[in-house]
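S.K.: My questions will all concern the structure given below.
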Amino acid sequence: DAKTTQPPSMDCAEGRAANLPCNHSTISGNEYVYWYRQIHSQGPQYIIHGLKNNETNEMASLIITEDRKSSTLILPHATLRDTAVYYCIVRVASAGGTSYGKLTFGQGTILTVHP
Amino acid sequence: KAGVTQTPRYLIKTRGQQVTLSCSPISGHRSVSWYQQTPGQGLQFLFEYFSETQRNKGNFPGRFSGRQFSNSRSEMNVSTLELGDSALYLCASSLFNPGQGTFFGQGTRLTVV
């Protein structure tokens with residue numbers, strides 16, 4: 001699985017958009033980009049994933065650059081409860097017996113939302 | 001729909017003992033994977049099971065083992081516990097489809113004394 005690079009920490013004011021970048025310059029054409037977050041001592045929470053198109057769900061938006069070498073997770077209106085460690089992960093999408101369960105976590109970005 | 005359920009939530013064991021942790025995946029999910037999280041090493045993949053077969057294994061000693069039952073429920077076992085095995089053990093389930101997410105339980109906090 002390709003490696004990802006994220007800033008170690010970011011701050012955001014409550015109510016403002018939080019834009020979390022991720023670099024995955026060695027991503028392959030068959031790899032998805034996944035985002036998870038982990039609030040202290042809880043299990044990681046799935047947020048969103050995408051292959052090459054931008055994606056949006058009730059939690060966030062995922063913007064993937066055209067060359068797929070980087071992406072940005074956008075939390076449109078951050079709240080204090082969004083304070084967490086955010087992980088960007090790329091995972092192979094090939095078929096035929098590949099292990100899909102394995103997620104390789106880096107150190108992530110600690111997002112702190114301030115009042 | 002119920003999420004991934006792990007039992008017990010907390011556990012205290014003595015060095016040298018063994019422990020078994022249990023995981024019930026989301027209904028319909030047939031892939032179950034296990035992770036260990038420690039402050040020093042972060043989240044590390046232990047192993048993955050699908051259709052009662054181990055599909056992938058992380059870089060952990062043989063003291064760590066697992067299995068999956070026909071109903072997709074999974075257990076992991078750690079034998080001859082060491083102090084360094086103190087960690088949050090997380091179970092995750094998925095549809096074994098790369099186009100879907102993988103969903104985690106709340107974990108079992110194991111403390112070895």
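Chain identifiers are assigned as A, B, and so on, following the order in which chains appear in the structure tokens; residues are numbered from 1 within each chain, and ligands are numbered from 1 in order of appearance.
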Hey, what does DSSP flag as strand (DSSP E) within stretch 44-101 of chain B? Can you give it to me as a ChimeraX atom specification?

M.R.: /B:44-50,53-57,64-68,74-78,87-94

S.K.: Write the residues you've just listed into a file as a PDB file, in the first residue's frame, and include N, CA and C atoms for each of them.

M.R.:
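Here's the written file out.pdb:
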```
ATOM      1  N   GLN B  44      -1.363  -0.913  14.604  1.00  0.00           N
ATOM      2  CA  GLN B  44      -0.665  -1.903  13.796  1.00  0.00           C
ATOM      3  C   GLN B  44      -1.567  -3.087  13.482  1.00  0.00           C
ATOM      4  N   PHE B  45      -1.513  -3.529  12.254  1.00  0.00           N
ATOM      5  CA  PHE B  45      -2.332  -4.636  11.768  1.00  0.00           C
ATOM      6  C   PHE B  45      -1.811  -5.959  12.333  1.00  0.00           C
ATOM      7  N   LEU B  46      -2.731  -6.750  12.865  1.00  0.00           N
ATOM      8  CA  LEU B  46      -2.376  -8.074  13.390  1.00  0.00           C
ATOM      9  C   LEU B  46      -2.657  -9.164  12.363  1.00  0.00           C
ATOM     10  N   PHE B  47      -3.913  -9.322  12.000  1.00  0.00           N
ATOM     11  CA  PHE B  47      -4.291 -10.300  10.982  1.00  0.00           C
ATOM     12  C   PHE B  47      -5.712 -10.049  10.509  1.00  0.00           C
ATOM     13  N   GLU B  48      -6.027 -10.719   9.385  1.00  0.00           N
ATOM     14  CA  GLU B  48      -7.346 -10.596   8.783  1.00  0.00           C
ATOM     15  C   GLU B  48      -7.875 -11.994   8.467  1.00  0.00           C
ATOM     16  N   TYR B  49      -9.182 -12.168   8.702  1.00  0.00           N
ATOM     17  CA  TYR B  49      -9.851 -13.428   8.395  1.00  0.00           C
ATOM     18  C   TYR B  49     -11.023 -13.192   7.456  1.00  0.00           C
ATOM     19  N   PHE B  50     -11.197 -14.131   6.556  1.00  0.00           N
ATOM     20  CA  PHE B  50     -12.353 -14.134   5.665  1.00  0.00           C
ATOM     21  C   PHE B  50     -12.718 -15.584   5.402  1.00  0.00           C
ATOM     22  N   THR B  53     -10.707 -18.282   7.110  1.00  0.00           N
ATOM     23  CA  THR B  53      -9.310 -18.462   6.699  1.00  0.00           C
ATOM     24  C   THR B  53      -8.534 -17.181   6.951  1.00  0.00           C
ATOM     25  N   GLN B  54      -7.335 -17.330   7.471  1.00  0.00           N
ATOM     26  CA  GLN B  54      -6.479 -16.164   7.645  1.00  0.00           C
ATOM     27  C   GLN B  54      -5.962 -15.725   6.284  1.00  0.00           C
ATOM     28  N   ARG B  55      -6.223 -14.476   5.914  1.00  0.00           N
ATOM     29  CA  ARG B  55      -5.857 -13.977   4.583  1.00  0.00           C
ATOM     30  C   ARG B  55      -4.575 -13.160   4.608  1.00  0.00           C
ATOM     31  N   ASN B  56      -4.269 -12.594   5.747  1.00  0.00           N
ATOM     32  CA  ASN B  56      -3.100 -11.736   5.827  1.00  0.00           C
ATOM     33  C   ASN B  56      -2.672 -11.665   7.288  1.00  0.00           C
ATOM     34  N   LYS B  57      -1.389 -11.488   7.506  1.00  0.00           N
ATOM     35  CA  LYS B  57      -0.872 -11.450   8.871  1.00  0.00           C
ATOM     36  C   LYS B  57       0.160 -10.348   8.990  1.00  0.00           C
ATOM     37  N   PHE B  64       0.550 -14.429  19.202  1.00  0.00           N
ATOM     38  CA  PHE B  64      -0.711 -13.806  18.780  1.00  0.00           C
ATOM     39  C   PHE B  64      -1.356 -14.695  17.726  1.00  0.00           C
ATOM     40  N   SER B  65      -2.552 -15.118  17.971  1.00  0.00           N
ATOM     41  CA  SER B  65      -3.244 -15.976  17.021  1.00  0.00           C
ATOM     42  C   SER B  65      -4.715 -15.596  16.980  1.00  0.00           C
ATOM     43  N   GLY B  66      -5.388 -16.080  15.977  1.00  0.00           N
ATOM     44  CA  GLY B  66      -6.801 -15.772  15.861  1.00  0.00           C
ATOM     45  C   GLY B  66      -7.534 -16.877  15.147  1.00  0.00           C
ATOM     46  N   ARG B  67      -8.837 -16.727  15.098  1.00  0.00           N
ATOM     47  CA  ARG B  67      -9.645 -17.637  14.311  1.00  0.00           C
ATOM     48  C   ARG B  67     -10.975 -16.971  14.013  1.00  0.00           C
ATOM     49  N   GLN B  68     -11.634 -17.519  13.019  1.00  0.00           N
ATOM     50  CA  GLN B  68     -12.950 -17.013  12.656  1.00  0.00           C
ATOM     51  C   GLN B  68     -13.898 -18.195  12.550  1.00  0.00           C
ATOM     52  N   SER B  74     -15.206 -13.609  15.396  1.00  0.00           N
ATOM     53  CA  SER B  74     -13.776 -13.906  15.464  1.00  0.00           C
ATOM     54  C   SER B  74     -13.266 -13.784  16.896  1.00  0.00           C
ATOM     55  N   GLU B  75     -12.222 -14.496  17.157  1.00  0.00           N
ATOM     56  CA  GLU B  75     -11.519 -14.393  18.432  1.00  0.00           C
ATOM     57  C   GLU B  75     -10.036 -14.236  18.155  1.00  0.00           C
ATOM     58  N   MET B  76      -9.364 -13.512  19.043  1.00  0.00           N
ATOM     59  CA  MET B  76      -7.913 -13.510  18.991  1.00  0.00           C
ATOM     60  C   MET B  76      -7.383 -13.922  20.360  1.00  0.00           C
ATOM     61  N   ASN B  77      -6.271 -14.593  20.346  1.00  0.00           N
ATOM     62  CA  ASN B  77      -5.681 -15.130  21.553  1.00  0.00           C
ATOM     63  C   ASN B  77      -4.242 -14.650  21.657  1.00  0.00           C
ATOM     64  N   VAL B  78      -3.872 -14.276  22.858  1.00  0.00           N
ATOM     65  CA  VAL B  78      -2.467 -13.949  23.117  1.00  0.00           C
ATOM     66  C   VAL B  78      -2.001 -14.853  24.253  1.00  0.00           C
ATOM     67  N   ALA B  87      -2.274  -2.917  25.645  1.00  0.00           N
ATOM     68  CA  ALA B  87      -2.648  -2.133  24.465  1.00  0.00           C
ATOM     69  C   ALA B  87      -4.161  -2.111  24.318  1.00  0.00           C
ATOM     70  N   LEU B  88      -4.597  -1.302  23.364  1.00  0.00           N
ATOM     71  CA  LEU B  88      -5.993  -1.325  22.928  1.00  0.00           C
ATOM     72  C   LEU B  88      -6.051  -2.246  21.713  1.00  0.00           C
ATOM     73  N   TYR B  89      -6.844  -3.294  21.789  1.00  0.00           N
ATOM     74  CA  TYR B  89      -6.992  -4.227  20.679  1.00  0.00           C
ATOM     75  C   TYR B  89      -8.314  -3.939  19.973  1.00  0.00           C
ATOM     76  N   LEU B  90      -8.186  -3.685  18.688  1.00  0.00           N
ATOM     77  CA  LEU B  90      -9.337  -3.264  17.896  1.00  0.00           C
ATOM     78  C   LEU B  90      -9.676  -4.308  16.851  1.00  0.00           C
ATOM     79  N   CYS B  91     -10.952  -4.531  16.707  1.00  0.00           N
ATOM     80  CA  CYS B  91     -11.473  -5.428  15.681  1.00  0.00           C
ATOM     81  C   CYS B  91     -12.202  -4.580  14.648  1.00  0.00           C
ATOM     82  N   ALA B  92     -12.099  -4.961  13.394  1.00  0.00           N
ATOM     83  CA  ALA B  92     -12.792  -4.234  12.345  1.00  0.00           C
ATOM     84  C   ALA B  92     -13.438  -5.221  11.389  1.00  0.00           C
ATOM     85  N   SER B  93     -14.568  -4.860  10.819  1.00  0.00           N
ATOM     86  CA  SER B  93     -15.217  -5.741   9.857  1.00  0.00           C
ATOM     87  C   SER B  93     -15.509  -4.994   8.566  1.00  0.00           C
ATOM     88  N   SER B  94     -15.580  -5.749   7.489  1.00  0.00           N
ATOM     89  CA  SER B  94     -15.880  -5.160   6.191  1.00  0.00           C
ATOM     90  C   SER B  94     -16.528  -6.217   5.310  1.00  0.00           C
TER      91      SER B  94
END
```

S.K.: Go ahead and compute the interatomic distance for atom CA of A:Lys3 and atom CA of A:Tyr87, in Å to one decimal.

M.R.: 11.7 Å

S.K.: Can you list, as a count of residues only, every protein, DNA or RNA residue that comes within 8 Å of stretch 99-115 of chain A when you count only C-alpha atoms, leaving out same-chain residues fewer than 6 positions away?

M.R.: 47

S.K.: Within 10 Å of B:Asn71, counting only C-alpha atoms, which residues show up once you throw out same-chain ones fewer than 5 positions away? Write them as a PyMOL selection string, please.

M.R.: chain B and resi 24-25+27-30+51-52

S.K.: Next, dump the selected residues to file, keeping only N, CA and C atoms, as a compact mmCIF listing (two decimals), in the first residue's frame.

M.R.:
```txt
# COMPACT_ATOMS: atom_id res chain seq x y z
N SER B 24 -17.65 -9.55 17.32
CA SER B 24 -18.80 -9.86 16.48
C SER B 24 -18.90 -8.78 15.41
N PRO B 25 -18.76 -9.15 14.14
CA PRO B 25 -18.77 -8.14 13.07
C PRO B 25 -20.18 -7.63 12.79
N SER B 27 -23.50 -7.32 10.89
CA SER B 27 -24.25 -8.37 10.19
C SER B 27 -24.00 -8.29 8.69
N GLY B 28 -23.64 -9.42 8.09
CA GLY B 28 -23.38 -9.46 6.66
C GLY B 28 -21.92 -9.26 6.29
N HIS B 29 -21.13 -8.76 7.23
CA HIS B 29 -19.70 -8.60 6.98
C HIS B 29 -18.98 -9.91 7.23
N ARG B 30 -18.17 -10.34 6.27
CA ARG B 30 -17.50 -11.62 6.40
C ARG B 30 -15.99 -11.48 6.62
N SER B 51 -14.00 -15.91 5.56
CA SER B 51 -14.47 -17.28 5.37
C SER B 51 -13.63 -18.26 6.18
N GLU B 52 -13.40 -17.91 7.43
CA GLU B 52 -12.72 -18.78 8.39
C GLU B 52 -11.25 -19.03 8.05
```

S.K.: Using only C-alpha atoms, find the one residue out of A:Leu75, A:Ile39, A:Cys22, A:Val33 that sits nearest to A:Asn53.

M.R.: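 Of all the options, A:Val33 lies closest to A:Asn53.
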
S.K.: Closest to chain B among A:Asn54, A:Gln38, A:Ser70, A:Gln45, using only C-alpha atoms?

M.R.: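 Going through A:Asn54, A:Gln38, A:Ser70, A:Gln45 one by one, the smallest distance to chain B is for A:Gln45.
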